[in-house]
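Visitor: Structure file data36.cif, mmCIF, C-alpha atoms, is pasted below:
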```cif
data_structure
#
loop_
_atom_site.label_atom_id
_atom_site.label_comp_id
_atom_site.auth_asym_id
_atom_site.auth_seq_id
_atom_site.Cartn_x
_atom_site.Cartn_y
_atom_site.Cartn_z
CA MET A 1 199.03 -17.13 302.87
CA THR A 2 199.45 -13.45 302.86
CA GLN A 3 201.33 -13.61 299.61
CA ALA A 4 198.46 -15.53 297.94
CA THR A 5 195.95 -13.08 299.19
CA ASP A 6 197.98 -10.22 297.85
CA SER A 7 198.27 -11.99 294.50
CA SER A 8 194.50 -12.57 294.19
CA THR A 9 193.84 -9.01 295.20
CA THR A 10 196.31 -7.78 292.63
CA ALA A 11 194.73 -9.95 289.94
CA LEU A 12 191.26 -8.68 290.91
CA ASP A 13 192.44 -5.13 290.70
CA ALA A 14 193.76 -5.79 287.23
CA GLU A 15 190.41 -7.18 286.06
CA GLU A 16 188.58 -4.22 287.52
CA ARG A 17 191.04 -1.92 285.84
CA ALA A 18 190.46 -3.66 282.52
CA GLU A 19 186.67 -3.45 282.94
CA LEU A 20 186.97 0.20 283.85
CA GLU A 21 189.01 0.91 280.74
CA ARG A 22 186.47 -0.96 278.62
CA LEU A 23 183.59 1.06 280.08
CA ARG A 24 185.54 4.23 279.54
CA ALA A 25 186.15 3.30 275.94
CA GLU A 26 182.46 2.57 275.37
CA GLY A 27 181.52 5.78 277.13
CA ALA A 28 183.98 7.68 274.98
CA GLY A 29 182.41 6.10 271.88
CA ARG A 30 178.87 6.90 272.90
CA GLY A 31 179.47 10.35 274.37
CA PRO A 32 179.98 12.40 271.23
CA THR A 33 177.06 10.64 269.54
CA ASP A 34 174.72 11.42 272.43
CA THR A 35 175.97 14.98 272.60
CA ALA A 36 175.47 15.45 268.84
CA SER A 37 172.00 13.95 269.08
CA ARG A 38 171.02 16.29 271.90
CA ALA A 39 172.49 19.25 270.02
CA GLY A 40 170.59 18.26 266.89
CA ARG A 41 167.30 18.04 268.78
CA GLY A 42 167.98 21.40 270.37
CA ARG A 43 168.72 23.01 267.01
CA TRP A 44 165.56 21.52 265.49
CA THR A 45 163.50 22.80 268.42
CA ALA A 46 164.93 26.30 268.01
CA ALA A 47 164.38 26.17 264.24
CA ILE A 48 160.75 25.07 264.59
CA VAL A 49 160.04 27.83 267.11
CA LEU A 50 161.60 30.48 264.85
CA MET A 51 159.75 29.26 261.77
CA LEU A 52 156.47 29.02 263.70
CA LEU A 53 156.85 32.65 264.76
CA ALA A 54 157.53 33.58 261.13
CA ALA A 55 154.39 31.72 260.07
CA LEU A 56 152.33 33.56 262.69
CA LEU A 57 153.67 36.94 261.58
CA ALA A 58 153.07 36.26 257.86
CA PRO A 59 149.27 36.84 257.95
CA LEU A 60 149.75 39.91 260.16
CA SER A 61 152.27 41.25 257.64
CA ALA A 62 149.78 40.75 254.82
CA LEU A 63 147.05 42.53 256.80
CA ALA A 64 149.37 45.42 257.69
CA THR A 65 150.44 45.86 254.07
CA TRP A 66 146.85 45.74 252.85
CA THR A 67 145.72 48.23 255.49
CA ARG A 68 148.33 50.80 254.55
CA THR A 69 148.44 50.37 250.76
CA THR A 70 144.71 49.88 250.14
CA ILE A 71 142.53 51.18 252.96
CA LEU A 72 144.59 54.10 254.28
CA ASP A 73 146.06 55.22 250.95
CA SER A 74 143.78 57.79 249.33
CA ASP A 75 144.66 57.17 245.67
CA ARG A 76 144.41 53.38 245.95
CA TYR A 77 141.19 53.62 247.93
CA VAL A 78 139.54 55.87 245.36
CA ALA A 79 140.74 53.65 242.51
CA MET A 80 139.26 50.66 244.35
CA VAL A 81 135.81 52.13 245.04
CA ALA A 82 135.42 54.10 241.79
CA PRO A 83 133.99 51.11 239.83
CA LEU A 84 131.23 50.79 242.44
CA ALA A 85 129.50 53.74 240.79
CA ASP A 86 128.62 51.39 237.91
CA ASP A 87 127.37 48.57 240.10
CA PRO A 88 123.57 48.15 239.77
CA ALA A 89 123.09 47.22 243.43
CA VAL A 90 125.01 50.28 244.65
CA GLN A 91 123.14 52.54 242.23
CA GLU A 92 119.78 51.21 243.42
CA GLU A 93 120.75 51.58 247.09
CA ILE A 94 121.87 55.19 246.65
CA SER A 95 118.88 56.09 244.46
CA ARG A 96 116.41 54.78 247.01
CA ARG A 97 118.32 56.36 249.91
CA ILE A 98 118.34 59.78 248.24
CA THR A 99 114.70 59.60 247.18
CA ASP A 100 113.51 58.50 250.62
CA ALA A 101 115.59 61.18 252.33
CA VAL A 102 114.24 63.91 250.04
CA PHE A 103 110.65 62.80 250.56
CA GLU A 104 111.10 62.59 254.30
CA ALA A 105 112.54 66.10 254.39
CA LEU A 106 109.93 67.58 252.06
CA ARG A 107 106.98 65.72 253.60
CA VAL A 108 105.49 65.40 250.13
CA GLU A 109 102.33 63.63 251.23
CA GLU A 110 101.64 66.35 253.78
CA LEU A 111 102.22 69.05 251.16
CA THR A 112 99.95 67.22 248.75
CA THR A 113 97.22 66.91 251.37
CA ARG A 114 97.38 70.60 252.21
CA THR A 115 97.32 71.54 248.55
CA LEU A 116 94.24 69.40 247.92
CA GLU A 117 92.53 70.85 251.00
CA ALA A 118 93.18 74.34 249.68
CA VAL A 119 91.73 73.38 246.30
CA ALA A 120 88.64 71.89 247.95
CA GLU A 121 88.06 75.04 250.00
CA ARG A 122 88.11 77.32 246.98
CA PRO A 123 84.86 78.13 245.19
CA ARG A 124 83.90 75.56 242.58
CA VAL A 125 84.42 76.56 238.99
CA GLU A 126 81.70 75.40 236.65
CA GLY A 127 82.96 72.84 234.19
CA VAL A 128 86.28 72.53 236.02
CA THR A 129 86.00 71.67 239.72
CA GLN A 130 82.27 71.47 240.28
CA ASP A 131 82.20 67.68 239.94
CA LEU A 132 85.17 66.99 242.23
CA PRO A 133 84.38 65.19 245.47
CA VAL A 134 84.18 67.27 248.59
CA ASP A 135 87.12 65.46 250.30
CA LEU A 136 90.05 65.67 247.89
CA THR A 137 92.54 64.41 250.49
CA THR A 138 91.76 60.84 249.47
CA PHE A 139 93.95 61.54 246.43
CA ALA A 140 96.91 62.62 248.55
CA GLU A 141 98.50 59.20 248.93
CA PRO A 142 98.17 58.15 245.23
CA ILE A 143 99.52 61.50 244.09
CA SER A 144 102.38 61.32 246.61
CA ASN A 145 103.25 57.79 245.47
CA ALA A 146 103.25 58.91 241.86
CA ILE A 147 105.56 61.81 242.69
CA HIS A 148 107.79 59.42 244.64
CA GLY A 149 108.00 57.01 241.70
CA PHE A 150 108.71 59.83 239.24
CA THR A 151 111.38 61.31 241.51
CA GLU A 152 113.06 57.94 242.06
CA GLN A 153 113.04 57.37 238.31
CA GLN A 154 114.79 60.68 237.71
CA VAL A 155 117.28 60.06 240.52
CA THR A 156 118.00 56.58 239.17
CA ARG A 157 118.73 57.99 235.71
CA LEU A 158 121.03 60.57 237.21
CA VAL A 159 122.83 58.01 239.37
CA ALA A 160 123.45 55.89 236.27
CA SER A 161 125.02 58.83 234.40
CA GLN A 162 128.59 60.00 234.04
CA THR A 163 127.74 62.98 236.20
CA PHE A 164 127.17 60.71 239.17
CA GLU A 165 130.38 58.76 238.50
CA ASP A 166 132.38 61.98 238.63
CA ALA A 167 130.57 63.06 241.79
CA TRP A 168 131.09 59.60 243.32
CA VAL A 169 134.86 59.76 242.81
CA ALA A 170 135.09 63.31 244.14
CA ALA A 171 132.92 62.52 247.16
CA ASN A 172 134.88 59.38 248.04
CA ARG A 173 138.16 61.25 247.78
CA GLU A 174 136.85 63.89 250.19
CA ALA A 175 135.33 61.30 252.49
CA HIS A 176 138.47 59.16 252.63
CA ALA A 177 140.11 61.32 255.28
CA SER A 178 137.01 60.90 257.44
CA LEU A 179 136.99 57.16 256.82
CA VAL A 180 140.63 56.90 257.87
CA ALA A 181 139.82 58.88 261.00
CA ALA A 182 136.92 56.53 261.73
CA LEU A 183 139.04 53.40 261.28
CA THR A 184 141.91 54.72 263.39
CA GLY A 185 139.65 56.02 266.15
CA GLU A 186 140.23 59.71 265.49
CA THR A 187 137.50 62.33 265.17
CA ALA A 188 135.68 61.91 261.87
CA THR A 189 134.77 64.95 259.79
CA GLU A 190 131.61 65.62 257.78
CA GLY A 191 132.25 62.97 255.14
CA VAL A 192 131.69 60.00 257.46
CA THR A 193 129.58 59.52 260.57
CA VAL A 194 130.62 57.13 263.35
CA SER A 195 128.08 56.30 266.03
CA GLU A 196 127.73 53.24 268.28
CA GLY A 197 129.84 50.99 266.09
CA ARG A 198 128.18 52.14 262.87
CA VAL A 199 130.14 53.85 260.08
CA SER A 200 128.05 55.72 257.51
CA VAL A 201 128.90 57.80 254.45
CA ASN A 202 126.92 61.03 254.16
CA LEU A 203 125.00 61.53 250.90
CA ALA A 204 124.28 65.25 251.40
CA ALA A 205 126.77 66.20 248.70
CA PHE A 206 125.00 63.98 246.17
CA ILE A 207 121.61 65.45 247.05
CA GLU A 208 122.92 68.99 246.55
CA ALA A 209 124.39 67.92 243.22
CA ILE A 210 121.16 66.42 241.87
CA LYS A 211 118.81 69.14 243.19
CA PRO A 212 119.19 71.45 240.14
CA VAL A 213 118.73 68.50 237.78
CA LEU A 214 115.51 67.43 239.52
CA VAL A 215 114.18 70.99 239.28
CA GLU A 216 115.11 71.08 235.61
CA ARG A 217 113.31 67.77 234.97
CA GLY A 218 110.11 68.98 236.60
CA VAL A 219 110.10 66.98 239.82
CA PRO A 220 107.43 68.54 242.07
CA PHE A 221 108.72 70.44 245.11
CA ALA A 222 112.35 69.81 244.04
CA ASP A 223 113.16 73.47 244.48
CA ARG A 224 112.17 73.15 248.14
CA ILE A 225 114.62 70.34 248.95
CA PRO A 226 116.39 71.40 252.17
CA ALA A 227 119.85 70.38 253.34
CA VAL A 228 119.39 66.63 253.73
CA ASN A 229 121.95 64.34 255.35
CA ALA A 230 121.08 60.84 254.11
CA GLN A 231 123.25 58.01 255.43
CA PHE A 232 124.78 55.12 253.48
CA VAL A 233 125.88 52.54 256.07
CA ILE A 234 129.10 50.71 255.18
CA LEU A 235 129.96 49.09 258.52
CA ASP A 236 127.94 48.10 261.57
CA SER A 237 129.74 46.17 264.26
CA THR A 238 129.94 46.17 268.03
CA SER A 239 133.64 45.32 267.62
CA LEU A 240 134.49 48.63 265.92
CA ALA A 241 136.62 49.80 268.87
CA SER A 242 138.71 46.62 268.70
CA ALA A 243 139.02 47.00 264.95
CA GLN A 244 140.22 50.59 265.36
CA SER A 245 142.94 49.46 267.78
CA ALA A 246 144.00 46.68 265.40
CA VAL A 247 144.20 49.11 262.47
CA ARG A 248 146.38 51.52 264.46
CA ILE A 249 148.74 48.74 265.56
CA LEU A 250 148.98 47.19 262.10
CA ASP A 251 149.70 50.55 260.51
CA LEU A 252 152.35 51.31 263.12
CA LEU A 253 154.10 47.96 262.49
CA ARG A 254 153.57 47.79 258.73
CA TRP A 255 157.33 47.81 258.02
CA VAL A 256 158.43 45.85 261.07
CA LEU A 257 156.20 42.80 260.66
CA PRO A 258 157.32 41.70 257.15
CA VAL A 259 161.01 42.25 257.91
CA VAL A 260 160.85 40.37 261.21
CA ALA A 261 158.87 37.52 259.61
CA ILE A 262 161.49 37.07 256.87
CA LEU A 263 164.38 37.27 259.34
CA LEU A 264 162.75 34.67 261.60
CA LEU A 265 162.23 32.30 258.68
CA VAL A 266 165.82 32.73 257.49
CA ALA A 267 167.13 32.26 261.03
CA GLY A 268 165.04 29.12 261.49
CA VAL A 269 166.41 27.61 258.29
CA ALA A 270 169.97 28.59 259.21
CA VAL A 271 169.76 27.09 262.71
CA ALA A 272 168.32 23.74 261.60
CA PRO A 273 170.75 20.81 261.14
CA ASN A 274 169.16 20.07 257.75
CA ARG A 275 168.51 23.39 256.05
CA ARG A 276 166.80 21.96 252.99
CA ARG A 277 164.29 20.07 255.13
CA ALA A 278 163.86 23.14 257.32
CA LEU A 279 163.06 25.22 254.23
CA VAL A 280 160.37 22.71 253.25
CA ILE A 281 158.89 22.84 256.75
CA GLY A 282 159.14 26.62 257.12
CA ALA A 283 157.67 27.44 253.71
CA SER A 284 154.87 24.93 254.31
CA MET A 285 154.08 26.52 257.68
CA VAL A 286 153.88 29.99 256.13
CA THR A 287 151.64 28.65 253.36
CA GLY A 288 149.34 27.06 255.92
CA ALA A 289 149.13 30.29 257.94
CA LEU A 290 148.20 32.28 254.82
CA VAL A 291 145.52 29.74 253.91
CA LEU A 292 144.09 30.11 257.42
CA LEU A 293 143.99 33.89 256.85
CA LEU A 294 141.93 33.36 253.69
CA LEU A 295 139.52 31.19 255.66
CA GLY A 296 139.34 33.89 258.33
CA VAL A 297 138.43 36.47 255.69
CA GLN A 298 135.52 34.28 254.59
CA VAL A 299 134.30 33.98 258.19
CA LEU A 300 134.60 37.74 258.61
CA ARG A 301 132.63 38.19 255.39
CA ALA A 302 129.72 36.17 256.75
CA LEU A 303 129.72 38.14 260.02
CA TYR A 304 129.91 41.47 258.17
CA LEU A 305 126.96 40.61 255.94
CA ASP A 306 124.89 39.43 258.91
CA ASP A 307 125.47 42.75 260.71
CA LEU A 308 124.83 44.94 257.66
CA GLU A 309 122.01 43.16 255.86
CA ALA A 310 119.18 44.57 257.98
CA LEU A 311 120.43 48.16 257.50
CA LEU A 312 120.51 48.11 253.70
CA LEU A 313 117.64 48.64 251.29
CA VAL A 314 119.46 46.42 248.77
CA PRO A 315 121.13 43.51 250.66
CA GLN A 316 123.45 42.72 247.74
CA VAL A 317 125.31 45.96 248.40
CA GLY A 318 126.98 44.44 251.46
CA THR A 319 128.45 41.64 249.36
CA VAL A 320 129.65 44.10 246.73
CA LEU A 321 131.29 46.37 249.31
CA PHE A 322 133.08 43.60 251.19
CA ASP A 323 134.30 41.78 248.09
CA THR A 324 135.57 45.00 246.52
CA VAL A 325 137.48 46.13 249.59
CA SER A 326 138.88 42.69 250.46
CA MET A 327 139.84 41.70 246.91
CA PRO A 328 143.39 43.20 247.06
CA LEU A 329 144.00 41.37 250.35
CA ARG A 330 142.75 38.03 249.01
CA LEU A 331 144.75 38.34 245.80
CA GLY A 332 147.92 39.26 247.69
CA VAL A 333 147.55 36.42 250.20
CA ARG A 334 146.88 33.89 247.44
CA SER A 335 149.99 35.02 245.59
CA LEU A 336 152.14 34.76 248.71
CA ALA A 337 150.72 31.35 249.56
CA MET A 338 151.45 30.11 246.04
CA LEU A 339 154.99 31.51 246.20
CA PHE A 340 155.84 29.80 249.49
CA LEU A 341 154.21 26.58 248.31
CA LEU A 342 156.49 26.62 245.27
CA ILE A 343 159.51 27.31 247.51
CA ALA A 344 158.59 24.28 249.63
CA LEU A 345 158.14 22.18 246.50
CA ALA A 346 161.51 23.29 245.07
CA ALA A 347 163.27 22.45 248.35
CA TRP A 348 161.58 19.04 248.38
CA VAL A 349 162.68 18.32 244.81
CA ALA A 350 166.27 18.96 245.89
CA GLY A 351 165.99 16.28 248.59
CA PRO A 352 166.94 12.58 248.68
CA SER A 353 163.42 11.09 248.63
CA THR A 354 162.46 8.64 245.89
CA GLY A 355 159.92 11.04 244.43
CA ALA A 356 162.40 13.92 244.36
CA VAL A 357 165.08 11.76 242.73
CA THR A 358 162.57 10.66 240.09
CA VAL A 359 161.72 14.28 239.32
CA ARG A 360 165.38 15.24 239.07
CA ARG A 361 166.01 12.41 236.62
CA VAL A 362 163.60 13.92 234.09
CA PRO A 363 166.27 16.07 232.36
CA ALA A 364 168.62 13.07 232.15
CA ARG A 365 165.90 10.95 230.60
CA LEU A 366 165.05 13.71 228.14
CA ALA A 367 168.71 14.08 227.23
CA GLY A 368 169.09 10.33 226.77
CA ALA A 369 165.86 9.91 224.82
CA THR A 370 166.93 12.30 222.07
CA SER A 371 169.97 12.40 219.87
CA ARG A 372 172.73 14.81 220.71
CA PRO A 373 172.57 18.09 218.82
CA THR A 374 175.02 19.01 216.12
CA GLY A 375 176.21 22.25 214.67
CA ALA A 376 175.04 25.39 216.41
CA LEU A 377 173.01 23.45 218.98
CA ALA A 378 176.12 21.51 219.93
CA SER A 379 177.88 24.80 220.61
CA VAL A 380 174.94 25.88 222.74
CA ALA A 381 175.14 22.59 224.65
CA ARG A 382 178.84 23.06 225.34
CA PHE A 383 178.18 26.63 226.45
CA ALA A 384 175.43 25.42 228.79
CA SER A 385 177.71 22.78 230.30
CA ARG A 386 180.39 25.40 231.00
CA ASN A 387 178.02 28.07 232.37
CA ALA A 388 175.21 26.05 233.92
CA THR A 389 175.46 27.79 237.30
CA ALA A 390 175.30 31.27 235.79
CA LEU A 391 172.36 30.29 233.59
CA ARG A 392 170.43 28.87 236.55
CA ALA A 393 171.13 32.03 238.53
CA ALA A 394 169.90 34.13 235.59
CA VAL A 395 166.65 32.17 235.40
CA GLY A 396 166.12 32.56 239.15
CA GLY A 397 166.88 36.28 238.99
CA LEU A 398 164.49 36.85 236.09
CA ALA A 399 161.77 34.93 237.93
CA VAL A 400 162.21 37.10 241.03
CA LEU A 401 162.23 40.24 238.87
CA ALA A 402 159.00 39.13 237.19
CA LEU A 403 157.41 38.72 240.62
CA LEU A 404 158.53 42.17 241.73
CA VAL A 405 157.55 44.04 238.57
CA GLY A 406 153.91 45.04 238.39
CA ASP A 407 151.27 45.44 241.06
CA ARG A 408 150.56 42.35 243.13
CA PRO A 409 150.87 39.38 240.74
CA SER A 410 147.97 36.99 241.10
CA ALA A 411 148.31 33.39 242.25
CA GLY A 412 147.94 32.33 238.63
CA GLY A 413 150.70 34.75 237.65
CA VAL A 414 153.02 33.32 240.31
CA LEU A 415 152.27 29.80 239.09
CA LEU A 416 152.88 30.79 235.46
CA ILE A 417 156.24 32.37 236.34
CA ALA A 418 157.19 29.24 238.29
CA VAL A 419 156.25 26.93 235.40
CA ILE A 420 158.23 29.01 232.90
CA ALA A 421 161.25 29.05 235.23
CA ALA A 422 161.00 25.27 235.76
CA VAL A 423 160.84 24.63 232.02
CA ALA A 424 163.83 26.92 231.48
CA LEU A 425 165.84 25.09 234.14
CA ILE A 426 164.97 21.71 232.59
CA VAL A 427 166.10 22.96 229.17
CA ILE A 428 169.37 24.23 230.66
CA GLU A 429 169.94 20.87 232.37
CA VAL A 430 169.23 18.93 229.16
CA PHE A 431 171.69 21.06 227.18
CA ARG A 432 174.24 20.79 230.00
CA ARG A 433 174.08 17.01 229.85
CA TRP A 434 174.37 17.06 226.09
CA GLY A 435 177.41 19.29 226.45
CA LEU A 436 179.01 16.95 228.99
CA GLN A 437 178.35 13.94 226.76
CA ASP A 438 179.86 15.78 223.82
CA ALA A 439 182.92 16.71 225.88
CA ASP A 440 183.32 13.10 227.05
CA SER A 441 183.13 11.77 223.50
CA LEU A 442 185.72 14.30 222.33
CA SER A 443 188.07 13.38 225.17
CA GLU A 444 187.67 9.68 224.37
CA GLY A 445 188.17 10.22 220.65
CA GLY A 446 191.08 12.58 221.06
CA PRO A 447 193.78 9.99 221.66
CA ALA A 448 192.57 7.82 218.76
CA GLU A 449 192.98 10.72 216.38
CA VAL A 450 196.42 11.66 217.72
CA ALA A 451 197.81 8.12 217.77
CA PRO A 452 198.66 7.93 214.07
CA VAL A 453 200.79 10.99 214.40
#
```
What does the file become when written as structure tokens?
Guide:
Amino acid sequence: MTQATDSSTTALDAEERAELERLRAEGAGRGPTDTASRAGRGRWTAAIVLMLLAALLAPLSALATWTRTTILDSDRYVAMVAPLADDPAVQEEISRRITDAVFEALRVEELTTRTLEAVAERPRVEGVTQDLPVDLTTFAEPISNAIHGFTEQQVTRLVASQTFEDAWVAANREAHASLVAALTGETATEGVTVSEGRVSVNLAAFIEAIKPVLVERGVPFADRIPAVNAQFVILDSTSLASAQSAVRILDLLRWVLPVVAILLLVAGVAVAPNRRRALVIGASMVTGALVLLLLGVQVLRALYLDDLEALLLVPQVGTVLFDTVSMPLRLGVRSLAMLFLLIALAAWVAGPSTGAVTVRRVPARLAGATSRPTGALASVARFASRNATALRAAVGGLAVLALLVGDRPSAGGVLLIAVIAAVALIVIEVFRRWGLQDADSLSEGGPAEVAPV
């Protein structure tokens, strides 16, 4: 009895042992797979976080670069605003500002009234003043308006001349230091006035410049023009203090932000289990962030115009100012967005999807649809087949060089460079395939020619 019990127990232990070994084997088979899966998810999570940070820093990098190279750089700033001297809206705004400031300082209507009162008080001269009404002051306003119109006409002519253009460039160069001080929160000098969120350019220098010309052209009372400080408002916002802080931070980090953004993107691609797919995702995220920046610029434009419109005599000036100053930023962001979009597209083409495979088959179809070249073209084909990698690298290097040469290539320029590079790569691939086909035919025909020997 005891022996049987021991036997059944032994048999049961053997079955349990066998089941245990089976479970261990299954666990051993599943373990590495589960571990690899968890590791893959972890790497993708880290890659997405890194690439998201790169995408967030990309717009800040563009803003920092624009702030330093366009707004805070004197030569670039002057080159940017110099064409505004020819803009009709700007000319009209400045002409009206200067004329109104001069008239307000001279009190032309008051001077006219006093002059007419003095004439009325003088003894009447027969045949000259005897028929004038007793109260000559009724003519004060019409005469003042006529002088105002004549003065504005002369100022407008002067503002439209080359003299004003030269003065505009010189004044903006002098005022730039004050503008930089205003934007960075430092103490502004005489060129720019900052008060309660409003930034204004002083027009006193222009008034002093045109005073001799007005005297020469016979504008009444022009010789009595005092030192007038007319204001040309270029920014009015309650958020100026926040903007000043942002400008200081962006300028401080202008080199750090682009470098860190690129390193984060590269690190995200390197960490991902599938680097090609990560490059598609990362480049697409950067493109999306840059597009959002462009949309933000448009929103800021609307807010800027709403704040400034009521302070301008010519409302169109606000649009001209904002579009001129923001144009380098918008062009640069569009170019970067187009570049990263093309990078994402190139990485997608290299992938295993049906669409990507179809695109990659285009060179093969072109090579198969045409007859193989002979003569010199055959030599070129064989050269291409032997040096395809070097030729592709040369095309890529020339494309990068074309992007770097020049000053901020436009989005259209980036697209044109990409199209030319793509066509060049297709041509290289077609010739490479022709060269391989030619080499295969020679290797197949070689033995047939040697056999008779």
Visitor: Identify, on the basis of all atoms listed in the file, every residue whose closest approach to A:Thr70 does not exceed 12 Å; exclude the query and any residue fewer than 2 positions from it along the same chain; express the result as a tab-separated table (two decimals) with C-alpha atoms, keeping the file's coordinate frame.
Guide:
```tsv
chain	number	residue	atom	x	y	z
A	62	ALA	CA	149.78	40.75	254.82
A	63	LEU	CA	147.05	42.53	256.80
A	64	ALA	CA	149.37	45.42	257.69
A	65	THR	CA	150.44	45.86	254.07
A	66	TRP	CA	146.85	45.74	252.85
A	67	THR	CA	145.72	48.23	255.49
A	68	ARG	CA	148.33	50.80	254.55
A	72	LEU	CA	144.59	54.10	254.28
A	73	ASP	CA	146.06	55.22	250.95
A	74	SER	CA	143.78	57.79	249.33
A	75	ASP	CA	144.66	57.17	245.67
A	76	ARG	CA	144.41	53.38	245.95
A	77	TYR	CA	141.19	53.62	247.93
A	78	VAL	CA	139.54	55.87	245.36
A	79	ALA	CA	140.74	53.65	242.51
A	80	MET	CA	139.26	50.66	244.35
A	81	VAL	CA	135.81	52.13	245.04
A	176	HIS	CA	138.47	59.16	252.63
A	180	VAL	CA	140.63	56.90	257.87
A	251	ASP	CA	149.70	50.55	260.51
A	324	THR	CA	135.57	45.00	246.52
A	325	VAL	CA	137.48	46.13	249.59
A	326	SER	CA	138.88	42.69	250.46
A	327	MET	CA	139.84	41.70	246.91
A	328	PRO	CA	143.39	43.20	247.06
A	329	LEU	CA	144.00	41.37	250.35
A	332	GLY	CA	147.92	39.26	247.69
A	408	ARG	CA	150.56	42.35	243.13
```
Visitor: Output the residue selection produced by the PyMOL selection byres ((chain A and resi 428-430) around 12) on the file above, formatted as a PyMOL selection string.
Guide: chain A and resi 360-373+377-378+380-395+421-427+431-437
Visitor: Expand the PyMOL selection byres ((chain A and resi 410-419) around 6) into the individual residues it matches in the shown file, reporting them as a CSV table (one decimal) with C-alpha atoms, in the frame of the given file.
Guide:
```csv
chain,number,residue,atom,x,y,z
A,331,LEU,CA,144.8,38.3,245.8
A,334,ARG,CA,146.9,33.9,247.4
A,335,SER,CA,150.0,35.0,245.6
A,338,MET,CA,151.4,30.1,246.0
A,409,PRO,CA,150.9,39.4,240.7
A,420,ILE,CA,158.2,29.0,232.9
A,421,ALA,CA,161.2,29.0,235.2
A,422,ALA,CA,161.0,25.3,235.8
```
Visitor: Please enumerate the residues selected by the PyMOL selection byres ((chain A and resi 214-220) around 8) when evaluated against the supplied file, formatted as a VMD selection string.
Guide: chain A and resid 147 150 to 151 154 to 155 210 to 213 221 to 223
Visitor: Point out the residue among A:Ala101, A:Phe322, A:Phe164, A:Val349 with the least atom-to-atom distance to A:Gln298, counting all atoms listed in the file.
Guide: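 Selected residue with least distance to A:Gln298: A:Phe322.
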Visitor: Provide the atom CA of A:Pro258 to atom CA of A:Val299 distance in Å, to one decimal place.
Guide: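 About the pair atom CA of A:Pro258 and atom CA of A:Val299: they are 24.3 Å apart.
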Visitor: Have a look at atom CA of A:Arg277 and atom CA of A:Val256 and let me know their distance in Å, one decimal.
Guide: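 Computing the Euclidean distance for atom CA of A:Arg277 and atom CA of A:Val256 yields 27.1 Å.
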Visitor: To one decimal place, how far is atom CA of A:Val169 from atom CA of A:Leu305 in Å?
Guide: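 Separation between atom CA of A:Val169 and atom CA of A:Leu305: 24.5 Å.
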Visitor: Which protein, DNA or RNA residues are at most 12 Å from (118.6, 56.1, 251.1) in the file's coordinates when you count all atoms listed in the file, listed as a short mmCIF file (atom, residue, chain, number, x, y, z; two decimals) with C-alpha atoms, in the frame of the given file?
Guide:
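That gives us point.cif:
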```
data_model
loop_
_atom_site.label_atom_id
_atom_site.label_comp_id
_atom_site.auth_asym_id
_atom_site.auth_seq_id
_atom_site.Cartn_x
_atom_site.Cartn_y
_atom_site.Cartn_z
CA VAL A 90 125.01 50.28 244.65
CA GLN A 91 123.14 52.54 242.23
CA GLU A 92 119.78 51.21 243.42
CA GLU A 93 120.75 51.58 247.09
CA ILE A 94 121.87 55.19 246.65
CA SER A 95 118.88 56.09 244.46
CA ARG A 96 116.41 54.78 247.01
CA ARG A 97 118.32 56.36 249.91
CA ILE A 98 118.34 59.78 248.24
CA THR A 99 114.70 59.60 247.18
CA ASP A 100 113.51 58.50 250.62
CA ALA A 101 115.59 61.18 252.33
CA VAL A 102 114.24 63.91 250.04
CA PHE A 103 110.65 62.80 250.56
CA GLU A 104 111.10 62.59 254.30
CA GLU A 152 113.06 57.94 242.06
CA VAL A 155 117.28 60.06 240.52
CA THR A 156 118.00 56.58 239.17
CA SER A 200 128.05 55.72 257.51
CA VAL A 201 128.90 57.80 254.45
CA ASN A 202 126.92 61.03 254.16
CA LEU A 203 125.00 61.53 250.90
CA ALA A 204 124.28 65.25 251.40
CA PHE A 206 125.00 63.98 246.17
CA ILE A 207 121.61 65.45 247.05
CA VAL A 228 119.39 66.63 253.73
CA ASN A 229 121.95 64.34 255.35
CA ALA A 230 121.08 60.84 254.11
CA GLN A 231 123.25 58.01 255.43
CA PHE A 232 124.78 55.12 253.48
CA VAL A 233 125.88 52.54 256.07
CA LEU A 311 120.43 48.16 257.50
CA LEU A 312 120.51 48.11 253.70
CA LEU A 313 117.64 48.64 251.29
CA VAL A 314 119.46 46.42 248.77
#
```
Visitor: Find, counting only C-alpha atoms, the residue in A:Pro352, A:Glu309, A:Leu53, A:Arg248 that gets nearest to A:Ile262.
Guide: A:Leu53
